[in-house]
Structure formats: structure tokens, C-alpha cells
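Peer 1: So I've got this file, query22.cif, and it contains mmCIF, C-alpha atoms and all ligand atoms:
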data_start
loop_
_atom_site.label_atom_id
_atom_site.label_comp_id
_atom_site.auth_asym_id
_atom_site.auth_seq_id
_atom_site.Cartn_x
_atom_site.Cartn_y
_atom_site.Cartn_z
CA MET U 1 -35.50 32.42 -5.64
CA ARG U 2 -32.43 32.92 -3.43
CA LEU U 3 -29.54 30.55 -3.95
CA ILE U 4 -26.05 29.99 -2.60
CA PHE U 5 -23.49 28.27 -4.84
CA LEU U 6 -20.76 26.43 -2.97
CA GLY U 7 -17.98 24.54 -4.69
CA PRO U 8 -14.26 24.44 -5.29
CA PRO U 9 -12.54 26.82 -7.70
CA GLY U 10 -13.36 25.85 -11.27
CA SER U 11 -16.47 23.83 -10.45
CA GLY U 12 -18.61 26.06 -12.69
CA LYS U 13 -20.34 28.30 -10.14
CA GLY U 14 -19.77 31.47 -12.15
CA THR U 15 -20.79 29.88 -15.46
CA GLN U 16 -24.08 28.63 -14.05
CA ALA U 17 -24.83 31.78 -12.03
CA ALA U 18 -24.39 33.88 -15.17
CA LEU U 19 -26.86 31.65 -17.05
CA LEU U 20 -29.43 31.99 -14.26
CA GLU U 21 -29.03 35.76 -14.42
CA GLN U 22 -29.39 35.88 -18.23
CA ARG U 23 -32.27 33.44 -18.49
CA HIS U 24 -34.15 33.80 -15.21
CA GLY U 25 -33.32 37.31 -14.00
CA LEU U 26 -31.66 36.17 -10.79
CA CYS U 27 -29.01 38.68 -9.72
CA GLN U 28 -25.52 37.12 -9.77
CA ILE U 29 -23.49 38.31 -6.81
CA SER U 30 -19.94 37.13 -7.45
CA THR U 31 -17.56 38.29 -4.75
CA GLY U 32 -14.64 37.26 -6.96
CA ASP U 33 -15.86 39.48 -9.85
CA ILE U 34 -16.50 42.42 -7.51
CA LEU U 35 -13.03 42.09 -5.98
CA ARG U 36 -11.36 41.77 -9.42
CA GLN U 37 -13.15 44.94 -10.54
CA ALA U 38 -11.89 46.76 -7.43
CA VAL U 39 -8.35 45.56 -8.21
CA ALA U 40 -8.67 46.80 -11.82
CA ASP U 41 -9.98 50.17 -10.59
CA GLY U 42 -7.10 50.50 -8.11
CA THR U 43 -9.43 51.34 -5.20
CA PRO U 44 -8.27 50.92 -1.55
CA LEU U 45 -10.44 47.78 -1.39
CA GLY U 46 -8.77 46.48 -4.55
CA ARG U 47 -5.28 47.12 -3.20
CA GLU U 48 -6.10 45.21 0.00
CA ALA U 49 -7.72 42.33 -1.91
CA LYS U 50 -5.00 41.93 -4.57
CA ALA U 51 -2.31 40.68 -2.22
CA CYS U 52 -4.62 37.90 -0.94
CA MET U 53 -6.05 36.96 -4.34
CA ASP U 54 -2.71 36.69 -6.13
CA LYS U 55 -1.51 34.06 -3.70
CA GLY U 56 -4.81 32.15 -3.58
CA ALA U 57 -5.73 33.19 -0.03
CA LEU U 58 -9.12 34.45 1.10
CA VAL U 59 -9.77 38.17 1.46
CA PRO U 60 -10.64 39.02 5.10
CA ASP U 61 -14.24 38.32 6.14
CA ARG U 62 -14.94 41.94 7.18
CA VAL U 63 -14.20 43.10 3.60
CA VAL U 64 -16.41 40.61 1.73
CA ILE U 65 -19.28 40.69 4.23
CA GLY U 66 -19.63 44.45 3.72
CA ILE U 67 -19.64 44.03 -0.07
CA VAL U 68 -22.35 41.36 0.00
CA GLU U 69 -24.56 43.21 2.47
CA GLU U 70 -24.56 46.28 0.24
CA LYS U 71 -25.40 44.25 -2.88
CA LEU U 72 -28.21 42.31 -1.20
CA LYS U 73 -29.91 45.55 -0.25
CA GLY U 74 -29.91 46.77 -3.85
CA ARG U 75 -33.06 46.80 -5.94
CA GLU U 76 -31.54 44.39 -8.47
CA CYS U 77 -31.77 41.61 -5.86
CA GLU U 78 -35.47 42.02 -5.19
CA LYS U 79 -36.45 39.32 -7.72
CA GLY U 80 -33.93 36.85 -6.37
CA PHE U 81 -30.20 36.27 -6.39
CA VAL U 82 -27.39 33.76 -6.63
CA LEU U 83 -24.51 34.14 -4.19
CA ASP U 84 -21.57 32.91 -6.28
CA GLY U 85 -18.51 32.38 -4.07
CA PHE U 86 -20.02 33.60 -0.79
CA PRO U 87 -20.06 32.50 1.97
CA ARG U 88 -16.68 30.81 2.06
CA THR U 89 -16.08 30.58 5.79
CA THR U 90 -18.24 29.78 8.79
CA GLY U 91 -17.86 33.41 9.88
CA GLN U 92 -19.26 34.59 6.54
CA ALA U 93 -22.16 32.11 6.77
CA GLU U 94 -23.06 33.37 10.24
CA ALA U 95 -22.83 36.96 9.06
CA LEU U 96 -25.16 36.12 6.16
CA ASP U 97 -27.70 34.70 8.64
CA ALA U 98 -27.56 37.99 10.54
CA ILE U 99 -27.96 40.07 7.35
CA MET U 100 -31.02 38.01 6.40
CA ARG U 101 -32.53 38.36 9.86
CA ASP U 102 -32.14 42.14 9.78
CA PHE U 103 -34.02 42.67 6.52
CA PRO U 104 -37.31 44.50 7.09
CA ALA U 105 -40.24 42.08 7.07
CA PRO U 106 -41.81 42.91 3.66
CA GLN U 107 -38.44 42.29 1.97
CA ALA U 108 -37.48 39.40 4.23
CA HIS U 109 -34.83 37.38 2.48
CA ARG U 110 -34.52 33.69 3.02
CA ILE U 111 -32.12 31.32 1.30
CA ASP U 112 -34.11 28.70 -0.61
CA ARG U 113 -31.35 26.32 -1.60
CA VAL U 114 -27.60 25.84 -1.20
CA VAL U 115 -26.10 24.06 -4.20
CA ALA U 116 -22.78 22.24 -3.74
CA PHE U 117 -21.03 21.80 -7.12
CA GLN U 118 -19.06 18.56 -7.32
CA VAL U 119 -16.16 18.07 -9.76
CA ASP U 120 -13.04 15.95 -9.22
CA GLU U 121 -9.72 17.68 -8.65
CA GLY U 122 -8.07 16.64 -11.93
CA ALA U 123 -10.88 18.24 -13.93
CA LEU U 124 -10.74 21.39 -11.80
CA VAL U 125 -7.04 21.89 -12.52
CA THR U 126 -7.61 21.31 -16.25
CA ARG U 127 -10.50 23.79 -16.34
CA LEU U 128 -8.67 26.52 -14.43
CA SER U 129 -5.27 26.25 -16.06
CA GLY U 130 -6.91 26.56 -19.52
CA ARG U 131 -9.37 29.32 -18.62
CA ARG U 132 -9.07 32.63 -20.46
CA THR U 133 -11.24 35.67 -19.77
CA CYS U 134 -11.99 38.72 -21.89
CA GLY U 135 -10.29 41.76 -20.39
CA GLU U 136 -13.16 43.95 -21.65
CA CYS U 137 -16.49 42.13 -21.14
CA GLN U 138 -15.33 39.29 -18.82
CA ALA U 139 -16.71 36.55 -21.14
CA MET U 140 -15.11 33.23 -20.29
CA TYR U 141 -13.35 30.72 -22.56
CA HIS U 142 -11.18 27.65 -22.27
CA LEU U 143 -8.19 26.94 -24.49
CA THR U 144 -9.51 23.51 -25.49
CA LEU U 145 -12.97 22.99 -23.90
CA SER U 146 -14.56 26.21 -25.21
CA PRO U 147 -12.05 28.07 -27.39
CA PRO U 148 -12.81 31.41 -29.05
CA ARG U 149 -13.21 31.48 -32.85
CA VAL U 150 -9.96 33.47 -33.17
CA GLU U 151 -7.16 32.60 -30.76
CA GLY U 152 -6.76 35.20 -28.00
CA VAL U 153 -9.74 37.32 -29.13
CA CYS U 154 -13.19 37.53 -27.54
CA ASP U 155 -16.01 36.34 -29.85
CA ARG U 156 -18.45 38.72 -28.21
CA CYS U 157 -16.62 42.07 -28.16
CA GLY U 158 -13.21 41.57 -29.84
CA GLY U 159 -11.39 42.22 -26.55
CA ARG U 160 -8.08 40.54 -25.70
CA LEU U 161 -8.27 37.30 -23.71
CA VAL U 162 -6.13 37.12 -20.59
CA GLN U 163 -5.27 34.53 -17.95
CA ARG U 164 -6.30 35.35 -14.39
CA ASN U 165 -3.32 35.89 -12.07
CA ASP U 166 -4.66 33.18 -9.76
CA ASP U 167 -5.06 30.60 -12.55
CA ARG U 168 -1.36 29.67 -12.49
CA GLU U 169 -0.90 26.06 -11.39
CA GLU U 170 0.81 26.76 -8.03
CA VAL U 171 -1.91 29.26 -7.08
CA ILE U 172 -4.66 26.85 -8.20
CA ARG U 173 -3.27 24.23 -5.77
CA GLU U 174 -3.34 26.77 -2.94
CA ARG U 175 -6.93 27.81 -3.76
CA LEU U 176 -8.00 24.16 -3.69
CA ALA U 177 -6.31 23.70 -0.29
CA VAL U 178 -8.02 26.84 1.05
CA TYR U 179 -11.35 25.50 -0.17
CA GLU U 180 -10.83 22.20 1.66
CA GLU U 181 -9.88 23.91 4.90
CA SER U 182 -12.17 26.94 5.03
CA THR U 183 -15.16 26.31 2.78
CA ARG U 184 -15.83 22.56 2.77
CA PRO U 185 -17.07 22.73 6.42
CA LEU U 186 -20.03 24.76 5.10
CA LEU U 187 -21.40 21.60 3.47
CA GLU U 188 -22.06 20.32 6.98
CA PHE U 189 -23.26 23.75 8.16
CA TYR U 190 -26.01 23.88 5.50
CA GLY U 191 -26.49 20.11 5.27
CA GLY U 192 -27.53 20.07 8.91
CA ARG U 193 -30.31 22.53 8.09
CA GLY U 194 -31.67 20.45 5.22
CA GLN U 195 -30.87 23.19 2.67
CA LEU U 196 -28.05 21.47 0.77
CA ILE U 197 -28.26 19.95 -2.72
CA ARG U 198 -25.20 18.13 -4.08
CA LEU U 199 -24.90 18.67 -7.83
CA PRO U 200 -22.56 16.55 -9.97
CA ALA U 201 -21.25 19.36 -12.19
CA VAL U 202 -19.46 17.48 -14.98
CA GLY U 203 -20.47 17.19 -18.62
CA PRO U 204 -21.58 19.88 -21.07
CA VAL U 205 -22.52 23.26 -19.55
CA GLU U 206 -26.11 22.97 -20.83
CA ASP U 207 -26.53 19.51 -19.26
CA VAL U 208 -25.26 20.81 -15.91
CA HIS U 209 -27.63 23.76 -16.28
CA ALA U 210 -30.62 21.48 -16.86
CA ALA U 211 -29.69 19.36 -13.83
CA LEU U 212 -29.27 22.51 -11.72
CA LYS U 213 -32.68 23.87 -12.68
CA ALA U 214 -34.34 20.54 -11.95
CA ALA U 215 -32.56 20.34 -8.58
CA VAL U 216 -33.65 23.80 -7.40
CA GLY U 217 -37.12 23.63 -8.96
CA LEU U 218 -36.78 26.34 -11.61
P1 LIG B 301 -13.61 33.56 -7.34
O1 LIG B 301 -13.56 34.40 -8.54
O2 LIG B 301 -14.92 33.36 -6.65
O3 LIG B 301 -12.96 32.20 -7.74
P2 LIG B 301 -13.33 30.69 -7.36
O4 LIG B 301 -14.35 30.40 -6.35
O5 LIG B 301 -12.00 30.13 -7.10
O6 LIG B 301 -14.09 30.25 -8.58
P3 LIG B 301 -13.69 30.36 -10.07
O7 LIG B 301 -14.19 31.64 -10.64
O8 LIG B 301 -12.24 30.05 -10.30
O9 LIG B 301 -14.48 29.09 -10.60
P4 LIG B 301 -16.04 28.82 -10.78
O10 LIG B 301 -16.48 27.72 -9.87
O11 LIG B 301 -16.84 30.09 -10.76
O12 LIG B 301 -16.00 28.18 -12.22
P5 LIG B 301 -16.21 28.92 -13.63
O13 LIG B 301 -17.66 28.96 -13.95
O14 LIG B 301 -15.44 30.19 -13.60
O15 LIG B 301 -12.60 34.09 -6.24
C1 LIG B 301 -11.29 34.49 -6.57
C2 LIG B 301 -10.57 34.98 -5.31
O16 LIG B 301 -11.28 36.10 -4.75
C3 LIG B 301 -10.48 33.97 -4.16
O17 LIG B 301 -9.38 33.10 -4.31
C4 LIG B 301 -10.32 34.92 -2.95
O18 LIG B 301 -9.03 35.44 -2.88
C5 LIG B 301 -11.26 36.07 -3.33
N1 LIG B 301 -12.63 35.83 -2.83
C6 LIG B 301 -13.75 35.67 -3.59
N2 LIG B 301 -14.82 35.48 -2.80
C7 LIG B 301 -14.37 35.51 -1.52
C8 LIG B 301 -14.99 35.34 -0.26
N3 LIG B 301 -16.31 35.10 -0.14
N4 LIG B 301 -14.22 35.43 0.85
C9 LIG B 301 -12.90 35.68 0.78
N5 LIG B 301 -12.24 35.84 -0.40
C10 LIG B 301 -12.98 35.76 -1.53
O19 LIG B 301 -15.53 27.85 -14.60
C11 LIG B 301 -14.14 27.60 -14.58
C12 LIG B 301 -13.68 27.11 -15.97
O20 LIG B 301 -14.34 25.89 -16.27
C13 LIG B 301 -14.03 28.07 -17.12
O21 LIG B 301 -13.00 28.01 -18.10
C14 LIG B 301 -15.32 27.51 -17.70
O22 LIG B 301 -15.49 27.83 -19.06
C15 LIG B 301 -15.12 26.03 -17.47
N6 LIG B 301 -16.35 25.29 -17.26
C16 LIG B 301 -17.45 25.67 -16.54
N7 LIG B 301 -18.38 24.71 -16.55
C17 LIG B 301 -17.87 23.68 -17.29
C18 LIG B 301 -18.35 22.39 -17.67
N8 LIG B 301 -19.57 21.94 -17.30
N9 LIG B 301 -17.54 21.62 -18.41
C19 LIG B 301 -16.31 22.04 -18.80
N10 LIG B 301 -15.79 23.26 -18.48
C20 LIG B 301 -16.57 24.06 -17.72
#
What does the file become when written as C-alpha cells?
Peer 2:
Amino acid sequence: MRLIFLGPPGSGKGTQAALLEQRHGLCQISTGDILRQAVADGTPLGREAKACMDKGALVPDRVVIGIVEEKLKGRECEKGFVLDGFPRTTGQAEALDAIMRDFPAPQAHRIDRVVAFQVDEGALVTRLSGRRTCGECQAMYHLTLSPPRVEGVCDRCGGRLVQRNDDREEVIRERLAVYEESTRPLLEFYGGRGQLIRLPAVGPVEDVHAALKAAVGL
């Protein structure tokens, strides 16, 4: 199965994509995670991306399109994938169409469903401002909604929990504005093709997961 997850920052795309990878073997392709890794590694890509990410802006299309194309051609995507955070602009969506068209016939990739996560803005700000991530294994927590057993320490690996640079309130507001301007139009882009499913993504993570699976037919 090949899925696209659309939705504002904090709507739970990454949480649900990770569960589909763990439980159903779908490859999670998170452009945000790939870019953060490049920043941490200090690569030229990371240096270019950091300036955009820290202020809540999008990284240029040419950069992310190249990343996604390379990942989609990898063997780990043969059994299916979830695009988590891509496409985010009409230009990226058109580029994805072209990538899909160019796949050799036996491997032809087709997007099965586009899931639009829906959460109101107040809840998004609460989720993001309280999010903490393990600096070692990237496990995700929330100060009040899903706290670790020991404050500041990852349950899974004992790593230190950190706040993402772009989870400060002023940057969150900018990311939400960028979503409205650049990414929301994709709901119409995919809606017009009959591929879009709108998923109310509030309530416990496992309830959202069950609703997601039912919606995509997993
Ligand atoms: P990216 O990392 O993709 O960030 P995002 O889209 O803003 O999404 P988030 O990771 O913040 O949220 P999410 O929807 O995945 O929610 P999550 O599951 O984490 O991108 C970061 C930056 O990279 C961008 O700003 C841009 O600069 C750049 N970038 C990335 N892709 C790009 C692209 N294609 N083009 C250009 N630039 C790009 O959950 C959030 C919190 O909520 C967590 O604390 C979690 O525990 C909690 N939570 C999850 N589900 C629930 C629930 N059901 N109930 C309560 N809490 C929940």
C-alpha cells in the first residue's frame, strides 16, 4: 500500500506513520526526519535546510524532491510506503506524479490513498509546544499527554529528551501559517482525483490508528 499523509504540524502524521512501519512493514519516508538527520550530521544539505527549518519555512522544492525520489527507489519501499510530510506544495505534488510515472512498469508505483489529518489549531499548539524527542533514538514524548517515566529521560534508550528548535511557540505559528498557504491547497489537488480521505485525528493514539486503518482498508 502506498499512502500520503497530509496535515498540519502536530496532527500526528509521524506518530501514525511510525506505527504503520512497525506493525505493517510500510516504509515511513519522513522528509522532516531526513532533513533533521542531515542538520545533525552537518552535511551541505543540512546546512541549507537548517536556516529554513529554524524559522518554520519550507526547504526549497528541488532539495526535498531529490531526497524523496532517491528513497522511493530503494528496496525498502518495495512493499509499500507512507510519505509523511511530502508533498507540501503543488510543485512537489506534480514532481511526485512525474516520479511515479517514470518508474519501470514491473515496479510501477501508484498512490492508493491520501489521508488528510484533521486537528483543531488549539490542540496542535498544545501538542507541539509540549513535544519532547529523544536525542538518541528519536522516540517521541509529550510533557503531559505522554510523559516519560523519568522526566527528561527516554524510556526506550535512556537518551536525553530535547525540544525541537521549531517547536517554540513563535515558530509553531509560522509553520501553521505556511501549512495554510502552501500545503492546504493539496486537499483540493487530491480531492479532485477522488484519492482523499479526511481523518479526524483527535483522541488516543490507538483510536486514531484504528480509524486510520479502517479508512485506508488495512
Ligand atoms: P516535519 O518534521 O515534517 O514537521 P511537521 O509536518 O511540521 O510535522 P510534525 O513532525 O511537527 O508533526 P506530525 O504531524 O508528524 O505530528 P507528530 O506525530 O510528530 O517538518 C519539519 C520542517 O522540515 C518543516 O517545517 C520544513 O522546514 C522542513 N520540511 C519537511 N518536509 C518538507 C517538505 N516536503 N518540503 C519542504 N520543507 C519540508 O505528533 C506531534 C505531537 O503530538 C507529539 O508530541 C505526539 O506525541 C503528539 N500526538 C500525536 N498523536 C496524538 C494524539 N492522537 N493525541 C495526543 N497527542 C498526540
Peer 1: Using all atoms listed in the file, which residue out of U:Glu170, U:Asp207, U:Asp112, U:Glu21 lies closest to ligand LIG 301 (chain B)?
Peer 2: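 Nearest candidate to ligand LIG 301 (chain B) out of U:Glu170, U:Asp207, U:Asp112, U:Glu21: U:Asp207.
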Peer 1: Using all atoms listed in the file, which protein or nucleic acid residues are at most 7 Å from ligand LIG 301 (chain B), as a ChimeraX atom specification?
Peer 2: /U:7-16,30-33,35,52-53,56-61,64,84-88,127-128,130-132,140-142,145-146,175,201-205,208
Peer 1: Could you please determine the separation between atom CA of U:Pro147 and atom CA of U:Glu206 in Å, to one decimal place?
Peer 2: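 One can read the atom CA of U:Pro147 to atom CA of U:Glu206 distance as 16.3 Å.
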Peer 1: At what distance in Å, to one decimal, does atom CA of U:Asn165 lie from atom CA of U:Arg47?
Peer 2: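 If I compute the distance from atom CA of U:Arg47 to atom CA of U:Asn165, I get 14.4 Å.
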Peer 1: Compile the contact shell of U:Thr90 as a list in words: residues with an atom at most 8 Å away, counting all atoms listed in the file, same-chain residues fewer than 5 positions apart removed.
Peer 2: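 Surrounding residues, per the criterion: Ser182, Thr183, Pro185, Leu186 and Phe189 of chain U.
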Peer 1: Using only C-alpha atoms, which residues sit within 8 Å of U:Gly80 once same-chain residues fewer than 6 positions away are excluded, as a ChimeraX atom specification?
Peer 2: /U:1-2,25-27
Peer 1: What does the distance from atom CA of U:Glu121 to atom CA of U:Gly135 come to in Å, to one decimal?
Peer 2: 26.8 Å
Peer 1: What's around U:Arg160 at 9 Å? Count all atoms listed in the file, leave out sequence neighbours fewer than 4 positions away in its own chain, and write the answer as a list in words.
Peer 2: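 Contacts, in chain order: Thr133, Cys134, Gly135, Glu136, Gly152, Val153 and Cys154 of chain U.
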Peer 1: Residues within 10 Å of U:Pro200, please, as a list of chain:residue names. Count all atoms listed in the file; anything in the same chain fewer than 4 positions from it doesn't count.
Peer 2: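 The filter keeps U:Ser11, U:Ala116, U:Phe117, U:Gln118, U:Val119, U:Asp120, U:Val208, U:Ala211, U:Leu212.
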Peer 1: Using the file's own x, y and z axes, what box holds all listed atoms of stretch 129-140 of chain U with 8 Å on each side, keeping edges along x, y and z, and what are its centre and edge lengths in Å to one decimal, as lines of an AutoDock Vina configuration file?
Peer 2:
center_x = -11.0
center_y = 35.1
center_z = -19.0
size_x = 27.4
size_y = 33.7
size_z = 21.8
Peer 1: Go through U:Ile99, U:Val82, U:Val63, U:Val162 one by one, measure the shortest atom-to-atom distance of each to U:Val115 using all atoms listed in the file, and give the residue with the smallest value.
Peer 2: U:Val82
Peer 1: Quick one: of U:Leu20, U:Leu143, U:Val178, U:Cys137, who's nearest to U:Arg156, counting only C-alpha atoms?
Peer 2: U:Cys137
Peer 1: So, counting all atoms listed in the file, which residue among U:Ile111, U:Thr89, U:Asp102, U:Asp155 is closest to U:Glu181?
Peer 2: U:Thr89
